[in-house]
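The next block holds one structure in the form of structure tokens; read it before the comments.
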Amino acid sequence: MALVRRFQTVRSLLKTAGSRESSSLPFRSGNEFSLIQIGDDFRFGCWRSYHSSLCHVPEAHGKSVYSRLYEGHNANTHLLRSTMIAESLPFTNEKRSATTQVKAPPQLQKTGAVRVSMVSPGFVYEPYALQEKISIWRRCFTRSGWRRTKEDFIRELRSAYAIAKLRKTGYSKNTFYIEALELYKQINILMANGDKKAIRKNVTERMYSALKNEIKQREAMWDGVYWEMIEPVVKIRTLQARLIGIDRTDLKKAFIQLTLEFLTKQKFEAYDAKGNVVAGDKNKEVLVRDIWVFEKSLFHTGAYWRLCGRIKL
């Protein structure tokens, strides 16, 4: 019996040694891998378990790979980060990413360790809408008028707060109007030429998808388009401003959206495949009113204005 026990002991030691040797092997091809940052260290983790000796996280335990790796280290060193580049970043010469908290697994929610990059909110916050005109008597002597006066005051207060934040970054209305008008002309010209590649840097990802669809629909109807804007413009004015914060703990991390009204005289003409005019007349000027929403990050160096939406009233 003693001899049998010694043999079993030696066998178990040999198994342990073999397991350690296999755990030191590098990962090989077969499944996906992720790069985990632990303190200042980068370590490989596996999305699916190849073998318990390689991943040290058996799937039979019912916990994700992330949670097992997270629980296996000190609270001062574990940090899991994920980076998601959603679109071309709004910078001139370099690419950076803004971070914002998202809903994390229960094991990570307490520490707020998971963050993803954010380059645009991806929507127009509180789209501008025309308000019904009401008389002074109704404003002063009816409940609906009081409620409307309160709502108007809150809207104006939000715009004033957003503009005040923007001015701290060196904003000038006249300079912005010149830049916005140039962007307005450039986007319209690129749309007329069907230049999808060049238009991308001037708009957000969501707006880019919408413009691509418009170009595709137009090309199915017409073979070519002539567009021209007559200068000087009739009118440009700011309708509203909105601030979109992405981090409650840091108020400096925010995007601003300015809604502008353009009143311009334009010329338009469309052609078929044979060059015949099928719509419009480039010899006639048409008064056009457009409402565009421009967006800019307030916390990225080198960020510039981009078109993020258009309002149809």
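So you can find residues: chains in the structure tokens are A, B, ... in the order shown, residues in each start at 1, and ligands are numbered from 1 in order.
Every protein or nucleic acid residue with an atom no more than 12 Å from A:Glu285, counting only C-alpha atoms and leaving out same-chain residues fewer than 3 positions away, appears here: Trp227, Glu228, Met229, Ile230, Glu231, Thr264, Lys265, Gln266, Lys267, Phe268, Glu269, Gly280, Asp281, Lys282 and Val288 of chain A.
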Produce a file of the selected residues containing N, CA, C and O atoms, as a compact mmCIF listing (two decimals), in the first residue's frame.
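Okay, this is what ended up in again-v1.txt:
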```txt
# COMPACT_ATOMS: atom_id res chain seq x y z
N TRP A 227 -25.56 73.82 -59.01
CA TRP A 227 -26.00 74.56 -57.82
C TRP A 227 -25.10 75.77 -57.62
O TRP A 227 -23.87 75.67 -57.76
N GLU A 228 -25.70 76.89 -57.26
CA GLU A 228 -24.94 78.11 -57.01
C GLU A 228 -25.65 78.95 -55.96
O GLU A 228 -26.88 79.05 -55.96
N MET A 229 -24.87 79.55 -55.07
CA MET A 229 -25.42 80.46 -54.07
C MET A 229 -24.99 81.88 -54.40
O MET A 229 -23.82 82.14 -54.66
N ILE A 230 -25.96 82.80 -54.38
CA ILE A 230 -25.69 84.20 -54.69
C ILE A 230 -25.29 84.93 -53.40
O ILE A 230 -26.01 84.87 -52.40
N GLU A 231 -24.15 85.58 -53.44
CA GLU A 231 -23.69 86.34 -52.27
C GLU A 231 -23.87 87.82 -52.52
O GLU A 231 -23.84 88.28 -53.67
N THR A 264 -30.90 82.47 -48.08
CA THR A 264 -30.01 82.76 -49.21
C THR A 264 -30.75 82.68 -50.53
O THR A 264 -31.82 82.04 -50.62
N LYS A 265 -30.16 83.30 -51.54
CA LYS A 265 -30.66 83.19 -52.91
C LYS A 265 -29.80 82.17 -53.65
O LYS A 265 -28.57 82.25 -53.62
N GLN A 266 -30.45 81.22 -54.29
CA GLN A 266 -29.73 80.13 -54.93
C GLN A 266 -30.24 79.91 -56.35
O GLN A 266 -31.35 80.30 -56.70
N LYS A 267 -29.37 79.23 -57.15
CA LYS A 267 -29.73 78.81 -58.50
C LYS A 267 -29.56 77.29 -58.58
O LYS A 267 -28.58 76.76 -58.06
N PHE A 268 -30.51 76.65 -59.24
CA PHE A 268 -30.49 75.19 -59.30
C PHE A 268 -30.98 74.71 -60.67
O PHE A 268 -31.91 75.28 -61.25
N GLU A 269 -30.33 73.64 -61.15
CA GLU A 269 -30.75 73.02 -62.40
C GLU A 269 -30.31 71.57 -62.41
O GLU A 269 -29.19 71.25 -61.98
N GLY A 280 -35.63 72.70 -62.48
CA GLY A 280 -34.95 73.93 -62.13
C GLY A 280 -34.61 74.80 -63.31
O GLY A 280 -34.88 74.46 -64.48
N ASP A 281 -33.97 75.95 -63.01
CA ASP A 281 -33.54 76.90 -64.04
C ASP A 281 -32.41 77.73 -63.44
O ASP A 281 -32.63 78.51 -62.51
N LYS A 282 -31.21 77.56 -63.97
CA LYS A 282 -30.05 78.25 -63.39
C LYS A 282 -30.03 79.75 -63.70
O LYS A 282 -29.16 80.47 -63.20
N VAL A 288 -34.16 80.61 -50.56
CA VAL A 288 -34.18 79.33 -49.84
C VAL A 288 -33.88 79.56 -48.36
O VAL A 288 -32.94 80.29 -48.01
```
Margin query: Give me the residues near A:Lys253 as a ChimeraX atom specification, where near means some atom within 7 Å (using only C-alpha atoms) and where sequence neighbours in that chain fewer than 3 positions away do not count.
Written below: /A:245-247,250,298-299
Counting only C-alpha atoms, closest pick from A:Ala164, A:Lys201, A:Glu219, A:Gly170 relative to A:Leu183 is A:Lys201
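The environment of A:Glu182 within 12 Å, counting only C-alpha atoms and disregarding residues fewer than 4 places along the same chain, consists of Thr175, Phe176, Tyr177, Ile178, Gln186, Ile187, Asn188, Ile189, Asn202, Met229, Glu231, Val233, Phe262, Trp305, Arg306 and Leu307 of chain A.
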request  = Kindly indicate which residue among A:Pro127, A:Ser209, A:Phe153, A:Val119 lies nearest to A:Trp292, using only C-alpha atoms for the distances.
outcome  =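 Residue with the minimum atom-to-atom distance to A:Trp292: A:Pro127.
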* To do: Please return as a list in words: the residues of stretch 187-255 of chain A that backbone DSSP assigns to alpha helix (DSSP H).
  =>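 Taking stretch 187-255 of chain A and keeping alpha helix (DSSP H) gives Ile187, Asn188, Ile189, Leu190, Met191, Ala192, Asn193, Lys196, Lys197, Ala198, Ile199, Glu205, Arg206, Met207, Tyr208, Ser209, Ala210, Leu211, Lys212, Asn213, Glu214, Ile215, Lys216, Gln217, Arg218, Glu219, Ala220 and Met221 of chain A.
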| message | Taking the DSSP secondary structure from the backbone, can you list the residues of stretch 171-260 of chain A that are strand (DSSP E or B), as a PyMOL selection string? | response | chain A and resi 203+224-245+254-260
Who sits within 12 Å of A:Ala162, only C-alpha atoms, same chain under 6 positions skipped, as a ChimeraX atom specification: /A:155-156,168-169,171,240-245,252,254-259,296,298
